[in-house]
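Everything on this sheet refers to the single structure shown next.
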Amino acid sequence: MISMTEWMRGFHISLKSVRRWLLYFFALTMPMVIFLGNTEYGYTKTIYTFIYISVLVLLWAADLTFSEDGKVKLTALSVPVALLFVSGLLSIVNASSKGVVLQGLALLVYFYLIYFLIVNTIETRSEANKLLYALLASGLGASIYGLLQFIGMARGPYGFRPGPQSIISVMGNQNYLAGYISYLFFPAVILIVLSDSKVVKTFFTTVLGLFFFLLFPIGARGAWLGIVFGLVVTLVGISLTGTWELLTRRKISVAIVILVLIVAYLFASAPGPLNSVLSYSAGNGDESGWGVFTPIVRPIVNRLIKKGGARVEDWHIAMEMFKDHPFLGIGLGNYKINFLDYRAEFLQTEAGGSYGEYIPRGAQAHNEYVQFLAELGLLGAAAIVFAITFSGYVLIRRLAVVKDGEGRLLGTALLAGIVGFLVHSTVSFPAHLPASSLVFVSLLGLLNSAAFGETDIQVKVGKTAKYALAGVLVVLVVTVSVFAYRDWRANVLMGEGKKQLQVGHYRLSRESFLKSESLDFQPRQTYYYLGVVERQLGNDQAALEYFKKSLGQFEPYKLFLQLSTLYLNGRNYERAEYYLNKFLDMGPDRNLRLEATYFLATVKIRQKDLSAAEGLIDKVLDQDPNYERALIVKGDIYRYRGKVIQARETWERALTVIERKLSGVKSDLTGTMPLQRYEELRSRKEVLEKERDAVEEKLSETR
């Protein structure tokens, strides 16, 4: 008869094996998970992570209660993570959206839990390899999808149009895919070289060739920069760890890898056979100055040094936030919320005078270190600097004591991937991308697992503490999972509401948005869209209240235009003028800028300042002589001043413009188009018809 102790030991071993295979499955599936009902690819991956990791944590807690020794591996890297958590929590003090801070902290905890689970699950080199195989296989799936989009055989953002611009794969953006590939590049190379299996070598050599090929049409300079630094780390690491001899013994594998990379490069470079069809070229005649690194160096020099550009402006704006809140920052995750407010201020400064080109959205600063400085202040920056330096010390120390050459070589490759991530973070935002963050914490977790030596910090949990810890974890993960599911449903409902709004089903849209608001932990965008739909239904006061709720939560350009026109209609001219001027200071696109200037002229007319109004109308017409609403107002000013002939001439000109635009809109409506485009044209047609009727009435009154 089996004793209870033996039964518990067997159950512990079985449960640990189940956890291990579930961890492999997570690494394989998470980067590829998408759901088209969600508004963003990364969002689906985040919710999937919350639910899946909650299950793994529960299994780990159950496993712990059945283990005999009760050992928990924390590792030294838990210390900097704790400091980052504290700095993020303190940043809530200045946050305009405190809910966003809490969401960011939940993500930090859960990606730490991935690291924690890897450290407490992976014990051998073989198990570490399997986790890397899963990540690479996931990258293969994403790359094949991206390749099919590249050649026009899978739908991309522009339908089935072939070319680099169509590569978004399951990541949502070609640069996200490039980053994911780049962090796994050197681990893949070393796995191929070290493997004794011909099947493994052949399969992953093919994977590596596809990775390398796709990097060229994608052209993500930050990812290439990460690979260059990863190469330096790999070469230095091989030299310091004395593993050159190991590579020379496997020179055939090394030669095959190099050959595959050369073939991929030649095939991706002009005039390759595929590129002649897709009109893609890896370079042109003026790019020869930097040799093989030209595709990396030249664009970075042009963008950051010669032109400045949107990314540098993003960094300036982040620094303005830091100046306002230097110690605790503006709040974790709040950069995107405060971006336009600070942009409006920055563009009025001497430094901002050379910027001002339209930036569609400022969700990220395209530099993780600058953004975290803005969001977490000096306290957070100190925590990040400590985390990087301390982690570097810990990882190098662990590699130094690995006894076998294969372990040192693989560890060096993992370290190269980590450095690639950190370097890429200087020009992008991989820490905000679930798939990229998964690779990063996986590489860290593997290097700190038993596969590379004993864990440096272990805690033995007593019997009572086991149950207490399990209870706390159950409450935590169940709570987070419930919120995650509700948030996912809210996002789906918001997406449905947006589609209904686009086709003019305003009441159905409002119903979807209200359901979304009731489920969402932090509604944000839902407030804005509820304001839009209430306005479409003629409920201006309700719309105003929702737009005011959107302030400090979700602030697109049009929010300020909506607020200003609602205040204008409500005869609150002071507030209308305030928001219009603020909107213009934000650097909107040309069409919105003209519209705001027109409304500002309308405010001046209501305030009986005709001279100022006429100056603003002339400014609009100087930039767009066919701006029909400005022509109508110009005619009104002429009539007010008794210049009836000039008024009629201006209105007749406006009527001609309206009829021409109306004819174009009607023609466009006869074709096939997305729902959003159809709704835009339909709304435009209604507006033009109302303007035409108003102008005809003015002309009839002045005959």
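By convention here, the chains of the structure tokens are called A, B, ... in the order presented, each chain's residues are numbered starting at 1, and ligands are numbered starting at 1 in the order presented.
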
>> Applying 10 Å and only C-alpha atoms, which residues near Glu628 of chain A remain after dropping the ones on its own chain fewer than 5 positions away? List them as a PyMOL selection string.
In response: chain A and resi 621+633-634+650-651+653-658+661+688+691-692

Within 12 Å of segment 91-112 of chain A: each segment 29-48 of chain A residue with its shortest pair, only C-alpha atoms, as a Markdown table:
```
| residue | atom | partner | partner_atom | distance |
| --- | --- | --- | --- | --- |
| A:Tyr43 | CA | A:Leu107 | CA | 11.5 |
| A:Lys45 | CA | A:Leu107 | CA | 11.6 |
| A:Thr46 | CA | A:Leu107 | CA | 8.1 |
| A:Ile47 | CA | A:Leu107 | CA | 9.9 |
| A:Tyr48 | CA | A:Tyr110 | CA | 11.4 |
```

Give me the segment 345-453 of chain A side of the contact with segment 576-590 of chain A, cut-off 12 Å, one line per residue showing its nearest atom pair and distance in Å at one decimal, counting only C-alpha atoms, sorted by chain and residue number, as a tab-separated table.
```
residue	atom	partner	partner_atom	distance
A:Glu345	CA	A:Asp585	CA	7.5
A:Phe346	CA	A:Met586	CA	8.9
A:Leu347	CA	A:Asp585	CA	7.0
A:Gln348	CA	A:Asp585	CA	7.4
A:Thr349	CA	A:Asp585	CA	11.1
A:Gly352	CA	A:Gly587	CA	11.0
A:Gly353	CA	A:Gly587	CA	11.4
A:Tyr355	CA	A:Gly587	CA	9.2
A:Gly356	CA	A:Gly587	CA	5.5
A:Glu357	CA	A:Gly587	CA	6.6
A:Tyr358	CA	A:Asp589	CA	5.2
A:Ile359	CA	A:Pro588	CA	7.6
A:Pro360	CA	A:Asp589	CA	8.2
A:Arg361	CA	A:Pro588	CA	10.3
A:Gly362	CA	A:Met586	CA	11.5
```

>> I'd like the contact shell of Ser667 of chain A - 12 Å cut-off, only C-alpha atoms, skipping same-chain residues fewer than 3 positions apart - returned as a PyMOL selection string.
In response: chain A and resi 660-664+670-672+678+681-682+685

How would the residues just chosen look if you wrote them out with N, CA, C and O atoms as an mmCIF file, in the first residue's frame?
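Output contents, as saved in again_26.cif:
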```
data_model
loop_
_atom_site.group_PDB
_atom_site.id
_atom_site.type_symbol
_atom_site.label_atom_id
_atom_site.label_comp_id
_atom_site.auth_asym_id
_atom_site.auth_seq_id
_atom_site.Cartn_x
_atom_site.Cartn_y
_atom_site.Cartn_z
ATOM 1 N N ARG A 660 -20.016 71.175 -56.235
ATOM 2 C CA ARG A 660 -18.924 70.344 -56.744
ATOM 3 C C ARG A 660 -18.549 69.253 -55.737
ATOM 4 O O ARG A 660 -18.367 68.089 -56.099
ATOM 5 N N LYS A 661 -18.436 69.637 -54.464
ATOM 6 C CA LYS A 661 -18.089 68.656 -53.426
ATOM 7 C C LYS A 661 -19.207 67.640 -53.241
ATOM 8 O O LYS A 661 -18.945 66.446 -53.044
ATOM 9 N N LEU A 662 -20.449 68.096 -53.317
ATOM 10 C CA LEU A 662 -21.593 67.207 -53.154
ATOM 11 C C LEU A 662 -21.643 66.179 -54.275
ATOM 12 O O LEU A 662 -21.927 64.996 -54.049
ATOM 13 N N SER A 663 -21.323 66.614 -55.477
ATOM 14 C CA SER A 663 -21.288 65.701 -56.621
ATOM 15 C C SER A 663 -20.214 64.637 -56.423
ATOM 16 O O SER A 663 -20.426 63.451 -56.714
ATOM 17 N N GLY A 664 -19.045 65.039 -55.903
ATOM 18 C CA GLY A 664 -17.963 64.096 -55.652
ATOM 19 C C GLY A 664 -18.322 63.078 -54.581
ATOM 20 O O GLY A 664 -18.022 61.886 -54.716
ATOM 21 N N THR A 670 -21.266 55.544 -54.494
ATOM 22 C CA THR A 670 -21.734 54.468 -55.368
ATOM 23 C C THR A 670 -20.780 53.271 -55.389
ATOM 24 O O THR A 670 -21.135 52.202 -55.857
ATOM 25 N N GLY A 671 -19.572 53.455 -54.878
ATOM 26 C CA GLY A 671 -18.578 52.383 -54.907
ATOM 27 C C GLY A 671 -18.610 51.517 -53.662
ATOM 28 O O GLY A 671 -19.411 51.714 -52.751
ATOM 29 N N THR A 672 -17.724 50.511 -53.625
ATOM 30 C CA THR A 672 -17.580 49.626 -52.468
ATOM 31 C C THR A 672 -16.537 50.215 -51.526
ATOM 32 O O THR A 672 -15.487 50.689 -51.974
ATOM 33 N N TYR A 678 -17.952 54.728 -45.435
ATOM 34 C CA TYR A 678 -19.332 54.990 -45.858
ATOM 35 C C TYR A 678 -20.005 55.992 -44.928
ATOM 36 O O TYR A 678 -20.678 56.924 -45.380
ATOM 37 N N LEU A 681 -18.722 59.525 -45.508
ATOM 38 C CA LEU A 681 -19.290 60.125 -46.721
ATOM 39 C C LEU A 681 -20.764 60.479 -46.531
ATOM 40 O O LEU A 681 -21.222 61.529 -46.995
ATOM 41 N N ARG A 682 -21.482 59.591 -45.852
ATOM 42 C CA ARG A 682 -22.904 59.861 -45.625
ATOM 43 C C ARG A 682 -23.097 61.109 -44.768
ATOM 44 O O ARG A 682 -23.947 61.973 -45.069
ATOM 45 N N LYS A 685 -22.277 64.183 -46.788
ATOM 46 C CA LYS A 685 -23.355 64.499 -47.720
ATOM 47 C C LYS A 685 -24.462 65.287 -47.011
ATOM 48 O O LYS A 685 -24.974 66.290 -47.541
#
```

> Which residue out of A:Ile418, A:Arg311, A:Phe322, A:Gln364 has the minimum interatomic distance to Phe186 of chain A when only C-alpha atoms are used?
Replying inline: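 Closest residue, counting only C-alpha atoms: A:Ile418.
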
> Excluding same-chain residues fewer than 2 positions from Phe150 of chain A, what lies within 6 Å of it counting only C-alpha atoms, as a PyMOL selection string?
Replying inline: chain A and resi 147-148+152+162-164+166-167

Just to be explicit: take each residue in the selection above, keep all heavy atoms, and write the result as a PDB file, in the first residue's frame.
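Dumped everything to result04.pdb:
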```pdb
ATOM      1  N   LEU A 147       5.022  36.801 -43.801  1.00  0.00           N
ATOM      2  CA  LEU A 147       5.515  36.543 -45.156  1.00  0.00           C
ATOM      3  C   LEU A 147       4.358  36.459 -46.149  1.00  0.00           C
ATOM      4  O   LEU A 147       4.433  37.000 -47.261  1.00  0.00           O
ATOM      5  CB  LEU A 147       6.326  35.250 -45.180  1.00  0.00           C
ATOM      6  CG  LEU A 147       6.872  34.820 -46.546  1.00  0.00           C
ATOM      7  CD1 LEU A 147       7.869  35.850 -47.078  1.00  0.00           C
ATOM      8  CD2 LEU A 147       7.523  33.443 -46.457  1.00  0.00           C
ATOM      9  N   LEU A 148       3.273  35.775 -45.756  1.00  0.00           N
ATOM     10  CA  LEU A 148       2.103  35.667 -46.627  1.00  0.00           C
ATOM     11  C   LEU A 148       1.479  37.042 -46.887  1.00  0.00           C
ATOM     12  O   LEU A 148       1.004  37.324 -47.993  1.00  0.00           O
ATOM     13  CB  LEU A 148       1.070  34.726 -46.003  1.00  0.00           C
ATOM     14  CG  LEU A 148       1.483  33.242 -45.932  1.00  0.00           C
ATOM     15  CD1 LEU A 148       0.445  32.429 -45.166  1.00  0.00           C
ATOM     16  CD2 LEU A 148       1.693  32.674 -47.334  1.00  0.00           C
ATOM     17  N   GLY A 152       1.238  39.082 -50.499  1.00  0.00           N
ATOM     18  CA  GLY A 152      -0.139  39.322 -50.916  1.00  0.00           C
ATOM     19  C   GLY A 152      -1.043  38.115 -50.870  1.00  0.00           C
ATOM     20  O   GLY A 152      -2.128  38.129 -51.475  1.00  0.00           O
ATOM     21  N   PRO A 162       0.391  43.372 -51.802  1.00  0.00           N
ATOM     22  CA  PRO A 162       1.704  42.874 -51.379  1.00  0.00           C
ATOM     23  C   PRO A 162       2.655  44.017 -51.044  1.00  0.00           C
ATOM     24  O   PRO A 162       2.444  45.162 -51.448  1.00  0.00           O
ATOM     25  CB  PRO A 162       2.192  42.094 -52.604  1.00  0.00           C
ATOM     26  CG  PRO A 162       1.540  42.777 -53.761  1.00  0.00           C
ATOM     27  CD  PRO A 162       0.190  43.236 -53.266  1.00  0.00           C
ATOM     28  N   GLY A 163       3.699  43.703 -50.294  1.00  0.00           N
ATOM     29  CA  GLY A 163       4.718  44.695 -49.982  1.00  0.00           C
ATOM     30  C   GLY A 163       4.994  44.781 -48.499  1.00  0.00           C
ATOM     31  O   GLY A 163       4.230  44.256 -47.676  1.00  0.00           O
ATOM     32  N   PRO A 164       6.090  45.425 -48.121  1.00  0.00           N
ATOM     33  CA  PRO A 164       6.482  45.513 -46.703  1.00  0.00           C
ATOM     34  C   PRO A 164       5.445  46.195 -45.823  1.00  0.00           C
ATOM     35  O   PRO A 164       5.304  45.855 -44.654  1.00  0.00           O
ATOM     36  CB  PRO A 164       7.779  46.346 -46.753  1.00  0.00           C
ATOM     37  CG  PRO A 164       8.260  46.244 -48.158  1.00  0.00           C
ATOM     38  CD  PRO A 164       7.053  46.093 -49.013  1.00  0.00           C
ATOM     39  N   SER A 166       2.429  45.851 -45.713  1.00  0.00           N
ATOM     40  CA  SER A 166       1.326  44.956 -45.339  1.00  0.00           C
ATOM     41  C   SER A 166       1.681  44.006 -44.205  1.00  0.00           C
ATOM     42  O   SER A 166       0.823  43.272 -43.718  1.00  0.00           O
ATOM     43  CB  SER A 166       0.885  44.142 -46.565  1.00  0.00           C
ATOM     44  OG  SER A 166       0.321  44.980 -47.554  1.00  0.00           O
ATOM     45  N   ILE A 167       2.937  43.991 -43.781  1.00  0.00           N
ATOM     46  CA  ILE A 167       3.365  43.042 -42.744  1.00  0.00           C
ATOM     47  C   ILE A 167       2.975  43.562 -41.363  1.00  0.00           C
ATOM     48  O   ILE A 167       3.587  44.507 -40.852  1.00  0.00           O
ATOM     49  CB  ILE A 167       4.891  42.818 -42.791  1.00  0.00           C
ATOM     50  CG1 ILE A 167       5.337  42.328 -44.163  1.00  0.00           C
ATOM     51  CG2 ILE A 167       5.307  41.814 -41.715  1.00  0.00           C
ATOM     52  CD1 ILE A 167       6.842  42.235 -44.323  1.00  0.00           C
TER      53      ILE A 167
END
```

> Which value, in Å to one decimal, gives the distance between atom CA of Ala387 of chain A and atom CA of Val81 of chain A?
Replying inline: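 Answer for the atom CA of Ala387 of chain A to atom CA of Val81 of chain A separation: 7.4 Å.
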
>> Going by DSSP on the backbone, which residues of segment 110-249 of chain A come out as helix (DSSP H, G or I)? List them as a PyMOL selection string.
In response: chain A and resi 110-119+125-150+164-166+174-194+198-218+221-241+244-249

> Quick one, how far is atom CA of Val254 of chain A from atom CA of Val193 of chain A?
Replying inline: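 Straight-line distance from atom CA of Val254 of chain A to atom CA of Val193 of chain A works out to 6.1 Å.
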
>> One decimal, in Å: what's the spacing between atom CA of Glu123 of chain A and atom CA of Val478 of chain A?
In response: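 If I compute the distance from atom CA of Glu123 of chain A to atom CA of Val478 of chain A, I get 28.1 Å.
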
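Here the question is which of A:Ala694, A:Leu544, A:Val401, A:Leu208 gets nearest to Val263 of chain A using only C-alpha atoms, and that residue is A:Leu208.
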
Shell around Leu210 of chain A at 10 Å using only C-alpha atoms, local window under 6 positions removed, as a JSON list (two decimals) with N, CA, C and O atoms, in the first residue's frame:
```json
[["chain", "number", "residue", "atom", "x", "y", "z"],
["A", 139, "GLY", "N", 7.38, 32.40, -33.00],
["A", 139, "GLY", "CA", 7.93, 33.37, -33.94],
["A", 139, "GLY", "C", 7.84, 32.90, -35.38],
["A", 139, "GLY", "O", 7.61, 33.69, -36.29],
["A", 140, "LEU", "N", 7.99, 31.58, -35.58],
["A", 140, "LEU", "CA", 7.85, 31.03, -36.93],
["A", 140, "LEU", "C", 6.42, 31.23, -37.44],
["A", 140, "LEU", "O", 6.23, 31.65, -38.59],
["A", 143, "SER", "N", 5.95, 34.77, -38.30],
["A", 143, "SER", "CA", 6.74, 35.14, -39.48],
["A", 143, "SER", "C", 6.11, 34.61, -40.77],
["A", 143, "SER", "O", 6.11, 35.29, -41.80],
["A", 144, "ILE", "N", 5.58, 33.39, -40.73],
["A", 144, "ILE", "CA", 4.92, 32.84, -41.91],
["A", 144, "ILE", "C", 3.72, 33.70, -42.28],
["A", 144, "ILE", "O", 3.49, 34.02, -43.46],
["A", 147, "LEU", "N", 5.02, 36.80, -43.80],
["A", 147, "LEU", "CA", 5.51, 36.54, -45.16],
["A", 147, "LEU", "C", 4.36, 36.46, -46.15],
["A", 147, "LEU", "O", 4.43, 37.00, -47.26],
["A", 181, "ILE", "N", 11.53, 38.95, -33.23],
["A", 181, "ILE", "CA", 12.51, 38.13, -33.95],
["A", 181, "ILE", "C", 13.93, 38.43, -33.47],
["A", 181, "ILE", "O", 14.74, 37.52, -33.25],
["A", 204, "PHE", "N", 15.17, 24.59, -37.31],
["A", 204, "PHE", "CA", 15.43, 25.92, -36.78],
["A", 204, "PHE", "C", 16.39, 26.73, -37.65],
["A", 204, "PHE", "O", 16.41, 27.96, -37.56],
["A", 260, "VAL", "N", 23.13, 30.21, -44.66],
["A", 260, "VAL", "CA", 21.68, 30.49, -44.71],
["A", 260, "VAL", "C", 21.43, 31.98, -44.55],
["A", 260, "VAL", "O", 20.58, 32.56, -45.25],
["A", 261, "LEU", "N", 22.16, 32.63, -43.66],
["A", 261, "LEU", "CA", 21.97, 34.08, -43.46],
["A", 261, "LEU", "C", 22.39, 34.85, -44.71],
["A", 261, "LEU", "O", 21.74, 35.84, -45.09],
["A", 264, "ALA", "N", 19.65, 34.39, -47.28],
["A", 264, "ALA", "CA", 18.48, 35.20, -46.92],
["A", 264, "ALA", "C", 18.73, 36.67, -47.24],
["A", 264, "ALA", "O", 17.84, 37.36, -47.76]]
```
